[in-house]
2 protein chains.
Amino acid sequence: MTAYGHDLNKLVEENKVPVSGSNRHAHLSTTDLEILFGAGYQLTKLKDLSQPGQFAAKECVKIVTEKGEKDSIRILGPVRSKTQIELLASDCHSLGLPVCVRDSGDITSTPGVEIVGPRGKVKIKEGVIAAARHIHMHTKEATAFGYKDKDRVSVRMDGPRSVTFHNVLIRVHDEYALDMHIDLDEMNACEVKNGYAAQIIR
Amino acid sequence: MTAYGHDLNKLVEENKVPVSGSNRHAHLSTTDLEILFGAGYQLTKLKDLSQPGQFAAKECVKIVTEKGEKDSIRILGPVRSKTQIELLASDCHSLGLPVCVRDSGDITSTPGVEIVGPRGKVKIKEGVIAAARHIHMHTKEATAFGYKDKDRVSVRMDGPRSVTFHNVLIRVHDEYALDMHIDLDEMNACEVKNGYAAQIIR
């Protein structure tokens, strides 16, 4: 069974993957978390996410650019080695930032931004991305599907706004669970709901 | 030459169409325009749009639902026989409205909303849609391409977020000019710019 209650064997047989939409969010390093929230601060879990150990925290931050600001940016835990802000393309436009569509962790030469928390501020030099859509698979799930880490596939969503997303990265790891991540702009463009089983096209 | 300066013969040869992104906007009936702005009111042109005779007006309205409100909704002219509000799916979500993906004019059983102007308010019983993507073609252009009114095609956009949009309606009329209309959510999902020449797939 997957996060949305799908039968894994049936998904493998039909070459389908459940979909989750990601809103804008922040991953913080321990250093930046402590600057923003105070020394020794620990995030409070609001709810678990589809990937094991990952959670949405109760805490939010604000980000500020020369052109504007955006508050209520949810922090996702646990802390990471580097701070990374994942925005929607629509946010980047309203904040005057270039849209850098990147895989998570690939932040070289992406825009920086000022992050504001209740106890302090931090200016990151880079780290603002629009997350490239991708599919998480546990190693055993990838074997069952016949995919390997870094494979690229197309994925079709049928509905009121049928779309095929191309060049979707498959990420395989022993700590992953089967789920395709697209952002809210992409969810709106295809009008499917969380848990929709999308068709993978090899 | 098309609105974006493309060579029409080359577009026909390559089966490509320029793309424009539409933001949220309002079409008003004369009756509703006069309630909102005063008797005998005439819209002021801000700029021409890609379709002959169509223009963005200087005037904006606000819309209000039980859950929230959205101001700065640009009016597009000229006036129409029926008022129609075209929102982004993201707007519908924040306003608590169902997302009805419809072709322009097909507003039966779509949500209503309160519209607020500087001189009055009007409550429409239906008319809020998320516009279904479509391609405008002049009759001569359609003949050159080999398409007819109401044909459905897929359209591929390549870039940082390559996407194929399926089930795209072709609308043919003597008063149309070649242009594909998608909304800002869809623009963000594929990250192309206005004027991008997209590949039509028969």
# chains A, B, ... in the order shown; residues from 1 in each chain; ligands from 1
call {"tool": "interface_residues", "arguments": {"of": "chain B", "to": "chain A", "cutoff": "12 Å", "atoms": "only C-alpha atoms", "output": "VMD selection string"}}
result
chain B and resid 23 87 to 93 98 to 103 130 to 134 153 to 169 182 to 193
call {"tool": "residues_around", "arguments": {"residues": "Val128 of chain B", "least_positions_apart": "5", "cutoff": "8 Å", "atoms": "only C-alpha atoms", "output": "PDB file with N, CA, C and O atoms, in the first residue's frame"}}
result
ATOM      1  N   GLN B  84     -18.761  37.264 -17.758  1.00  0.00           N
ATOM      2  CA  GLN B  84     -17.989  36.035 -17.521  1.00  0.00           C
ATOM      3  C   GLN B  84     -16.680  36.401 -16.832  1.00  0.00           C
ATOM      4  O   GLN B  84     -15.963  37.279 -17.294  1.00  0.00           O
ATOM      5  N   ILE B  85     -16.386  35.727 -15.725  1.00  0.00           N
ATOM      6  CA  ILE B  85     -15.148  35.978 -14.982  1.00  0.00           C
ATOM      7  C   ILE B  85     -14.216  34.790 -15.193  1.00  0.00           C
ATOM      8  O   ILE B  85     -14.583  33.662 -14.869  1.00  0.00           O
ATOM      9  N   GLU B  86     -13.032  35.048 -15.733  1.00  0.00           N
ATOM     10  CA  GLU B  86     -12.075  33.964 -15.953  1.00  0.00           C
ATOM     11  C   GLU B  86     -10.983  34.045 -14.892  1.00  0.00           C
ATOM     12  O   GLU B  86     -10.207  34.995 -14.863  1.00  0.00           O
ATOM     13  N   LEU B  87     -10.978  33.057 -14.004  1.00  0.00           N
ATOM     14  CA  LEU B  87     -10.010  33.031 -12.903  1.00  0.00           C
ATOM     15  C   LEU B  87      -8.976  31.938 -13.127  1.00  0.00           C
ATOM     16  O   LEU B  87      -9.194  31.004 -13.906  1.00  0.00           O
ATOM     17  N   CYS B 100     -14.161  25.245 -12.553  1.00  0.00           N
ATOM     18  CA  CYS B 100     -14.895  24.758 -13.725  1.00  0.00           C
ATOM     19  C   CYS B 100     -14.098  25.103 -14.978  1.00  0.00           C
ATOM     20  O   CYS B 100     -14.095  26.257 -15.410  1.00  0.00           O
ATOM     21  N   ILE B 107     -21.086  28.761 -19.723  1.00  0.00           N
ATOM     22  CA  ILE B 107     -21.079  29.080 -18.284  1.00  0.00           C
ATOM     23  C   ILE B 107     -22.220  28.431 -17.498  1.00  0.00           C
ATOM     24  O   ILE B 107     -22.352  28.662 -16.300  1.00  0.00           O
ATOM     25  N   THR B 110     -21.935  27.053 -13.724  1.00  0.00           N
ATOM     26  CA  THR B 110     -20.650  27.449 -13.125  1.00  0.00           C
ATOM     27  C   THR B 110     -20.944  28.329 -11.906  1.00  0.00           C
ATOM     28  O   THR B 110     -22.065  28.810 -11.744  1.00  0.00           O
ATOM     29  N   PRO B 111     -19.966  28.544 -11.025  1.00  0.00           N
ATOM     30  CA  PRO B 111     -20.254  29.318  -9.812  1.00  0.00           C
ATOM     31  C   PRO B 111     -20.554  30.788 -10.100  1.00  0.00           C
ATOM     32  O   PRO B 111     -20.092  31.335 -11.100  1.00  0.00           O
ATOM     33  N   GLY B 112     -21.323  31.388  -9.217  1.00  0.00           N
ATOM     34  CA  GLY B 112     -21.553  32.829  -9.235  1.00  0.00           C
ATOM     35  C   GLY B 112     -20.581  33.518  -8.303  1.00  0.00           C
ATOM     36  O   GLY B 112     -19.785  32.867  -7.616  1.00  0.00           O
ATOM     37  N   VAL B 113     -20.679  34.840  -8.254  1.00  0.00           N
ATOM     38  CA  VAL B 113     -19.744  35.603  -7.435  1.00  0.00           C
ATOM     39  C   VAL B 113     -20.289  37.036  -7.333  1.00  0.00           C
ATOM     40  O   VAL B 113     -21.118  37.450  -8.154  1.00  0.00           O
TER      41      VAL B 113
END
call {"tool": "residues_around", "arguments": {"residues": "Leu11 of chain B", "least_positions_apart": "4", "cutoff": "12 Å", "atoms": "only C-alpha atoms", "output": "NGL selection string"}}
result
:B and (1-2 or 4-7 or 15-18 or 141-142 or 144-145 or 178-179 or 196-200)
call {"tool": "residues_around", "arguments": {"residues": "Gln42 of chain B", "least_positions_apart": "2", "cutoff": "12 Å", "atoms": "only C-alpha atoms", "output": "list in words"}}
result
Leu28, Ser29, Thr30, Thr31, Asp32, Leu33, Glu34, Leu36, Phe37, Gly38, Ala39, Gly40, Thr44, Lys45, Ala57, Lys58, Glu59, Ile75, Gly77, Pro78 and Val79 of chain B
call {"tool": "write_last_selection", "arguments": {"atoms": "N, CA and C atoms", "output": "mmCIF file, in the first residue's frame"}}
result
data_model
loop_
_atom_site.group_PDB
_atom_site.id
_atom_site.type_symbol
_atom_site.label_atom_id
_atom_site.label_comp_id
_atom_site.auth_asym_id
_atom_site.auth_seq_id
_atom_site.Cartn_x
_atom_site.Cartn_y
_atom_site.Cartn_z
ATOM 1 N N LEU B 28 -17.603 41.888 -19.223
ATOM 2 C CA LEU B 28 -18.847 42.381 -18.636
ATOM 3 C C LEU B 28 -19.912 42.618 -19.704
ATOM 4 N N SER B 29 -21.161 42.390 -19.314
ATOM 5 C CA SER B 29 -22.285 42.808 -20.158
ATOM 6 C C SER B 29 -22.465 44.316 -19.972
ATOM 7 N N THR B 30 -23.154 44.947 -20.932
ATOM 8 C CA THR B 30 -23.407 46.390 -20.821
ATOM 9 C C THR B 30 -24.158 46.706 -19.529
ATOM 10 N N THR B 31 -25.172 45.882 -19.215
ATOM 11 C CA THR B 31 -25.957 46.097 -17.990
ATOM 12 C C THR B 31 -25.069 46.088 -16.745
ATOM 13 N N ASP B 32 -24.223 45.062 -16.642
ATOM 14 C CA ASP B 32 -23.367 44.959 -15.458
ATOM 15 C C ASP B 32 -22.312 46.073 -15.437
ATOM 16 N N LEU B 33 -21.777 46.420 -16.609
ATOM 17 C CA LEU B 33 -20.799 47.515 -16.671
ATOM 18 C C LEU B 33 -21.411 48.799 -16.114
ATOM 19 N N GLU B 34 -22.688 49.063 -16.482
ATOM 20 C CA GLU B 34 -23.333 50.307 -16.035
ATOM 21 C C GLU B 34 -23.667 50.275 -14.544
ATOM 22 N N LEU B 36 -21.832 48.711 -12.342
ATOM 23 C CA LEU B 36 -20.550 48.802 -11.630
ATOM 24 C C LEU B 36 -19.870 50.157 -11.785
ATOM 25 N N PHE B 37 -20.053 50.780 -12.967
ATOM 26 C CA PHE B 37 -19.299 52.018 -13.251
ATOM 27 C C PHE B 37 -20.186 53.237 -13.495
ATOM 28 N N GLY B 38 -21.512 53.030 -13.580
ATOM 29 C CA GLY B 38 -22.406 54.174 -13.800
ATOM 30 C C GLY B 38 -23.050 54.120 -15.183
ATOM 31 N N ALA B 39 -24.212 54.761 -15.307
ATOM 32 C CA ALA B 39 -24.992 54.726 -16.556
ATOM 33 C C ALA B 39 -24.193 55.309 -17.718
ATOM 34 N N GLY B 40 -24.247 54.622 -18.845
ATOM 35 C CA GLY B 40 -23.603 55.115 -20.058
ATOM 36 C C GLY B 40 -22.086 54.977 -20.075
ATOM 37 N N THR B 44 -12.204 52.225 -21.189
ATOM 38 C CA THR B 44 -11.048 52.922 -21.769
ATOM 39 C C THR B 44 -9.998 51.885 -22.152
ATOM 40 N N LYS B 45 -9.525 51.932 -23.396
ATOM 41 C CA LYS B 45 -8.554 50.932 -23.845
ATOM 42 C C LYS B 45 -7.185 51.169 -23.204
ATOM 43 N N ALA B 57 -8.807 46.720 -20.809
ATOM 44 C CA ALA B 57 -9.280 48.049 -20.408
ATOM 45 C C ALA B 57 -8.470 48.543 -19.217
ATOM 46 N N LYS B 58 -8.519 49.860 -19.013
ATOM 47 C CA LYS B 58 -7.849 50.420 -17.827
ATOM 48 C C LYS B 58 -8.592 50.016 -16.556
ATOM 49 N N GLU B 59 -9.898 49.754 -16.684
ATOM 50 C CA GLU B 59 -10.742 49.502 -15.519
ATOM 51 C C GLU B 59 -10.563 48.082 -14.959
ATOM 52 N N ILE B 75 -10.629 44.213 -16.640
ATOM 53 C CA ILE B 75 -11.739 44.029 -17.579
ATOM 54 C C ILE B 75 -11.181 43.979 -19.003
ATOM 55 N N GLY B 77 -12.272 44.254 -23.033
ATOM 56 C CA GLY B 77 -13.353 44.765 -23.858
ATOM 57 C C GLY B 77 -13.284 44.190 -25.254
ATOM 58 N N PRO B 78 -14.298 44.414 -26.073
ATOM 59 C CA PRO B 78 -15.509 45.188 -25.750
ATOM 60 C C PRO B 78 -16.484 44.404 -24.862
ATOM 61 N N VAL B 79 -17.605 45.052 -24.487
ATOM 62 C CA VAL B 79 -18.611 44.372 -23.673
ATOM 63 C C VAL B 79 -19.151 43.156 -24.423
#
call {"tool": "closest_residue", "arguments": {"among": "A:Ser81, A:Gly96, A:Arg119, A:Leu76", "to": "Tyr41 of chain A", "atoms": "only C-alpha atoms"}}
result
A:Arg119
call {"tool": "select_by_dssp", "arguments": {"residues": "chain B", "states": "strand (DSSP E or B)", "output": "number ranges by chain"}}
result
B: 16-22, 25-27, 29, 45-48, 55-64, 69-77, 80, 84-86, 101-102, 113-116, 121-124, 128-131, 134-138, 152-157, 163-173, 179-183, 197-201
call {"tool": "atom_distance", "arguments": {"atom1": "atom CA of Gly195 of chain A", "atom2": "atom CA of Ala3 of chain A"}}
result
8.1 Å
call {"tool": "select_by_dssp", "arguments": {"residues": "segment 6-196 of chain A", "states": "alpha helix (DSSP H)", "output": "JSON, numbers by chain"}}
result
{"A": [8, 9, 10, 11, 12, 13, 14, 30, 31, 32, 33, 34, 35, 36, 37, 89, 90, 91, 92, 93, 94, 95, 139, 140, 141, 142, 143, 144, 145, 184, 185, 186, 187, 188, 189, 190]}
call {"tool": "write_last_selection", "arguments": {"atoms": "C-alpha atoms", "output": "PDB file, in the first residue's frame"}}
result
ATOM      1  CA  LEU A   8       1.440  -1.243  -5.114  1.00  0.00           C
ATOM      2  CA  ASN A   9       1.209  -4.357  -7.293  1.00  0.00           C
ATOM      3  CA  LYS A  10      -1.580  -2.811  -9.327  1.00  0.00           C
ATOM      4  CA  LEU A  11       0.404   0.432  -9.777  1.00  0.00           C
ATOM      5  CA  VAL A  12       3.430  -1.566 -10.963  1.00  0.00           C
ATOM      6  CA  GLU A  13       1.265  -3.625 -13.321  1.00  0.00           C
ATOM      7  CA  GLU A  14      -0.312  -0.481 -14.813  1.00  0.00           C
ATOM      8  CA  THR A  30      20.779  24.168  11.610  1.00  0.00           C
ATOM      9  CA  THR A  31      22.791  27.417  11.546  1.00  0.00           C
ATOM     10  CA  ASP A  32      20.041  29.344   9.757  1.00  0.00           C
ATOM     11  CA  LEU A  33      17.297  27.784  11.918  1.00  0.00           C
ATOM     12  CA  GLU A  34      19.102  29.018  15.040  1.00  0.00           C
ATOM     13  CA  ILE A  35      19.600  32.528  13.628  1.00  0.00           C
ATOM     14  CA  LEU A  36      15.897  32.733  12.717  1.00  0.00           C
ATOM     15  CA  PHE A  37      14.374  31.044  15.776  1.00  0.00           C
ATOM     16  CA  ALA A  89       7.131  30.151 -10.514  1.00  0.00           C
ATOM     17  CA  SER A  90       4.251  32.550  -9.760  1.00  0.00           C
ATOM     18  CA  ASP A  91       6.006  33.587  -6.506  1.00  0.00           C
ATOM     19  CA  CYS A  92       9.300  34.163  -8.339  1.00  0.00           C
ATOM     20  CA  HIS A  93       7.517  36.444 -10.818  1.00  0.00           C
ATOM     21  CA  SER A  94       5.840  38.523  -8.105  1.00  0.00           C
ATOM     22  CA  LEU A  95       9.094  38.734  -6.112  1.00  0.00           C
ATOM     23  CA  THR A 139      14.847   0.750  -4.175  1.00  0.00           C
ATOM     24  CA  LYS A 140      12.514  -2.274  -4.100  1.00  0.00           C
ATOM     25  CA  GLU A 141       9.761  -0.324  -5.862  1.00  0.00           C
ATOM     26  CA  ALA A 142      12.198   0.770  -8.586  1.00  0.00           C
ATOM     27  CA  THR A 143      13.205  -2.852  -9.117  1.00  0.00           C
ATOM     28  CA  ALA A 144       9.545  -3.881  -9.369  1.00  0.00           C
ATOM     29  CA  PHE A 145       8.855  -1.121 -11.922  1.00  0.00           C
ATOM     30  CA  LEU A 184       0.953  23.800  -7.122  1.00  0.00           C
ATOM     31  CA  ASP A 185       1.342  25.632 -10.459  1.00  0.00           C
ATOM     32  CA  GLU A 186       1.657  22.234 -12.128  1.00  0.00           C
ATOM     33  CA  MET A 187      -1.256  20.806 -10.108  1.00  0.00           C
ATOM     34  CA  ASN A 188      -3.420  23.727 -11.248  1.00  0.00           C
ATOM     35  CA  ALA A 189      -2.367  23.249 -14.865  1.00  0.00           C
ATOM     36  CA  CYS A 190      -3.620  19.645 -14.879  1.00  0.00           C
TER      37      CYS A 190
END
call {"tool": "atom_distance", "arguments": {"atom1": "atom CA of Ala56 of chain B", "atom2": "atom CA of Val19 of chain B"}}
result
17.5 Å
call {"tool": "residues_around", "arguments": {"residues": "Lys62 of chain B", "least_positions_apart": "3", "cutoff": "10 Å", "atoms": "only C-alpha atoms", "output": "PyMOL selection string"}}
result
chain B and resi 26+69-74+114-118+121
call {"tool": "atom_distance", "arguments": {"atom1": "atom CA of Arg24 of chain B", "atom2": "atom CA of Thr83 of chain B"}}
result
13.9 Å
call {"tool": "decode", "arguments": {"residues": "segment 27-173 of chain B", "atoms": "C-alpha atoms", "output": "short mmCIF file (atom, residue, chain, number, x, y, z; two decimals), in the first residue's frame"}}
result
data_model
loop_
_atom_site.label_atom_id
_atom_site.label_comp_id
_atom_site.auth_asym_id
_atom_site.auth_seq_id
_atom_site.Cartn_x
_atom_site.Cartn_y
_atom_site.Cartn_z
CA HIS B 27 -15.83 40.23 -19.51
CA LEU B 28 -18.85 42.38 -18.64
CA SER B 29 -22.29 42.81 -20.16
CA THR B 30 -23.41 46.39 -20.82
CA THR B 31 -25.96 46.10 -17.99
CA ASP B 32 -23.37 44.96 -15.46
CA LEU B 33 -20.80 47.52 -16.67
CA GLU B 34 -23.33 50.31 -16.04
CA ILE B 35 -24.24 48.97 -12.58
CA LEU B 36 -20.55 48.80 -11.63
CA PHE B 37 -19.30 52.02 -13.25
CA GLY B 38 -22.41 54.17 -13.80
CA ALA B 39 -24.99 54.73 -16.56
CA GLY B 40 -23.60 55.11 -20.06
CA TYR B 41 -20.07 54.18 -18.97
CA GLN B 42 -17.57 53.31 -21.73
CA LEU B 43 -14.41 51.24 -21.15
CA THR B 44 -11.05 52.92 -21.77
CA LYS B 45 -8.55 50.93 -23.84
CA LEU B 46 -5.25 50.18 -22.12
CA LYS B 47 -3.79 47.98 -24.86
CA ASP B 48 -4.80 45.82 -27.80
CA LEU B 49 -4.81 42.03 -27.42
CA SER B 50 -3.79 39.45 -30.02
CA GLN B 51 -7.38 38.96 -31.22
CA PRO B 52 -8.58 41.78 -33.51
CA GLY B 53 -10.86 44.27 -31.71
CA GLN B 54 -10.21 42.78 -28.28
CA PHE B 55 -8.50 44.98 -25.70
CA ALA B 56 -7.43 45.16 -22.08
CA ALA B 57 -9.28 48.05 -20.41
CA LYS B 58 -7.85 50.42 -17.83
CA GLU B 59 -10.74 49.50 -15.52
CA CYS B 60 -10.59 46.69 -12.97
CA VAL B 61 -13.16 45.15 -10.62
CA LYS B 62 -13.02 43.27 -7.36
CA ILE B 63 -14.73 39.93 -6.80
CA VAL B 64 -15.99 38.75 -3.44
CA THR B 65 -16.99 35.30 -2.18
CA GLU B 66 -17.88 34.03 1.29
CA LYS B 67 -14.30 32.87 1.72
CA GLY B 68 -12.39 35.84 0.41
CA GLU B 69 -11.92 38.51 -2.20
CA LYS B 70 -9.62 39.31 -5.12
CA ASP B 71 -9.13 42.81 -6.44
CA SER B 72 -7.48 44.18 -9.59
CA ILE B 73 -9.37 41.84 -11.92
CA ARG B 74 -8.72 43.47 -15.31
CA ILE B 75 -11.74 44.03 -17.58
CA LEU B 76 -11.31 42.96 -21.21
CA GLY B 77 -13.35 44.77 -23.86
CA PRO B 78 -15.51 45.19 -25.75
CA VAL B 79 -18.61 44.37 -23.67
CA ARG B 80 -20.23 40.98 -24.26
CA SER B 81 -23.79 39.66 -24.12
CA LYS B 82 -23.07 37.88 -20.82
CA THR B 83 -20.73 38.64 -17.94
CA GLN B 84 -17.99 36.03 -17.52
CA ILE B 85 -15.15 35.98 -14.98
CA GLU B 86 -12.07 33.96 -15.95
CA LEU B 87 -10.01 33.03 -12.90
CA LEU B 88 -6.89 30.96 -12.39
CA ALA B 89 -7.42 27.62 -10.67
CA SER B 90 -5.25 29.01 -7.86
CA ASP B 91 -7.72 31.91 -7.43
CA CYS B 92 -10.68 29.51 -7.30
CA HIS B 93 -8.95 27.54 -4.54
CA SER B 94 -8.22 30.62 -2.41
CA LEU B 95 -11.77 31.95 -2.96
CA GLY B 96 -13.41 28.62 -2.14
CA LEU B 97 -14.91 28.19 -5.60
CA PRO B 98 -14.99 24.95 -7.58
CA VAL B 99 -12.69 25.01 -10.63
CA CYS B 100 -14.89 24.76 -13.73
CA VAL B 101 -12.64 24.34 -16.76
CA ARG B 102 -14.83 25.58 -19.61
CA ASP B 103 -14.65 26.96 -23.12
CA SER B 104 -15.45 30.69 -23.22
CA GLY B 105 -19.23 31.27 -23.25
CA ASP B 106 -20.07 27.86 -21.75
CA ILE B 107 -21.08 29.08 -18.28
CA THR B 108 -24.14 26.95 -17.44
CA SER B 109 -23.92 25.66 -13.84
CA THR B 110 -20.65 27.45 -13.12
CA PRO B 111 -20.25 29.32 -9.81
CA GLY B 112 -21.55 32.83 -9.24
CA VAL B 113 -19.74 35.60 -7.43
CA GLU B 114 -20.20 39.19 -6.27
CA ILE B 115 -18.52 41.79 -8.50
CA VAL B 116 -17.68 45.17 -7.00
CA GLY B 117 -17.00 48.33 -9.01
CA PRO B 118 -16.52 51.99 -8.04
CA ARG B 119 -20.22 52.83 -8.44
CA GLY B 120 -22.01 49.62 -7.50
CA LYS B 121 -22.09 45.87 -7.00
CA VAL B 122 -23.65 43.02 -8.92
CA LYS B 123 -24.15 39.40 -7.92
CA ILE B 124 -23.93 37.02 -10.87
CA LYS B 125 -25.58 33.60 -10.46
CA GLU B 126 -23.10 31.88 -12.76
CA GLY B 127 -20.17 32.83 -14.97
CA VAL B 128 -16.93 32.03 -13.13
CA ILE B 129 -14.75 29.70 -15.21
CA ALA B 130 -11.15 28.58 -15.58
CA ALA B 131 -10.65 29.02 -19.31
CA ALA B 132 -9.96 25.82 -21.25
CA ARG B 133 -6.82 26.29 -23.34
CA HIS B 134 -7.49 26.82 -27.02
CA ILE B 135 -6.00 27.97 -30.30
CA HIS B 136 -7.44 30.90 -32.26
CA MET B 137 -7.06 30.68 -36.04
CA HIS B 138 -8.30 32.92 -38.80
CA THR B 139 -10.29 30.94 -41.40
CA LYS B 140 -7.46 31.32 -43.94
CA GLU B 141 -4.87 30.21 -41.38
CA ALA B 142 -6.93 27.13 -40.52
CA THR B 143 -7.11 26.23 -44.22
CA ALA B 144 -3.33 26.66 -44.53
CA PHE B 145 -2.75 24.42 -41.50
CA GLY B 146 -5.41 21.93 -42.57
CA TYR B 147 -7.53 22.30 -39.41
CA LYS B 148 -11.20 23.10 -38.99
CA ASP B 149 -13.26 24.67 -36.19
CA LYS B 150 -13.62 22.41 -33.10
CA ASP B 151 -10.71 20.13 -34.03
CA ARG B 152 -8.76 18.93 -30.99
CA VAL B 153 -4.96 18.67 -30.98
CA SER B 154 -2.09 18.18 -28.56
CA VAL B 155 0.55 20.89 -28.21
CA ARG B 156 4.08 20.39 -26.93
CA MET B 157 6.17 23.08 -25.23
CA ASP B 158 9.86 22.31 -24.70
CA GLY B 159 11.99 24.10 -22.14
CA PRO B 160 12.98 23.76 -18.51
CA ARG B 161 9.58 22.16 -17.85
CA SER B 162 8.63 20.33 -21.05
CA VAL B 163 4.92 19.61 -21.27
CA THR B 164 2.38 18.37 -23.80
CA PHE B 165 -1.11 19.84 -23.40
CA HIS B 166 -3.77 17.46 -24.74
CA ASN B 167 -7.31 18.00 -25.94
CA VAL B 168 -6.65 21.61 -27.06
CA LEU B 169 -9.64 23.12 -28.88
CA ILE B 170 -9.10 24.86 -32.23
CA ARG B 171 -11.44 27.82 -32.77
CA VAL B 172 -11.71 29.15 -36.33
CA HIS B 173 -13.31 32.50 -37.26
#
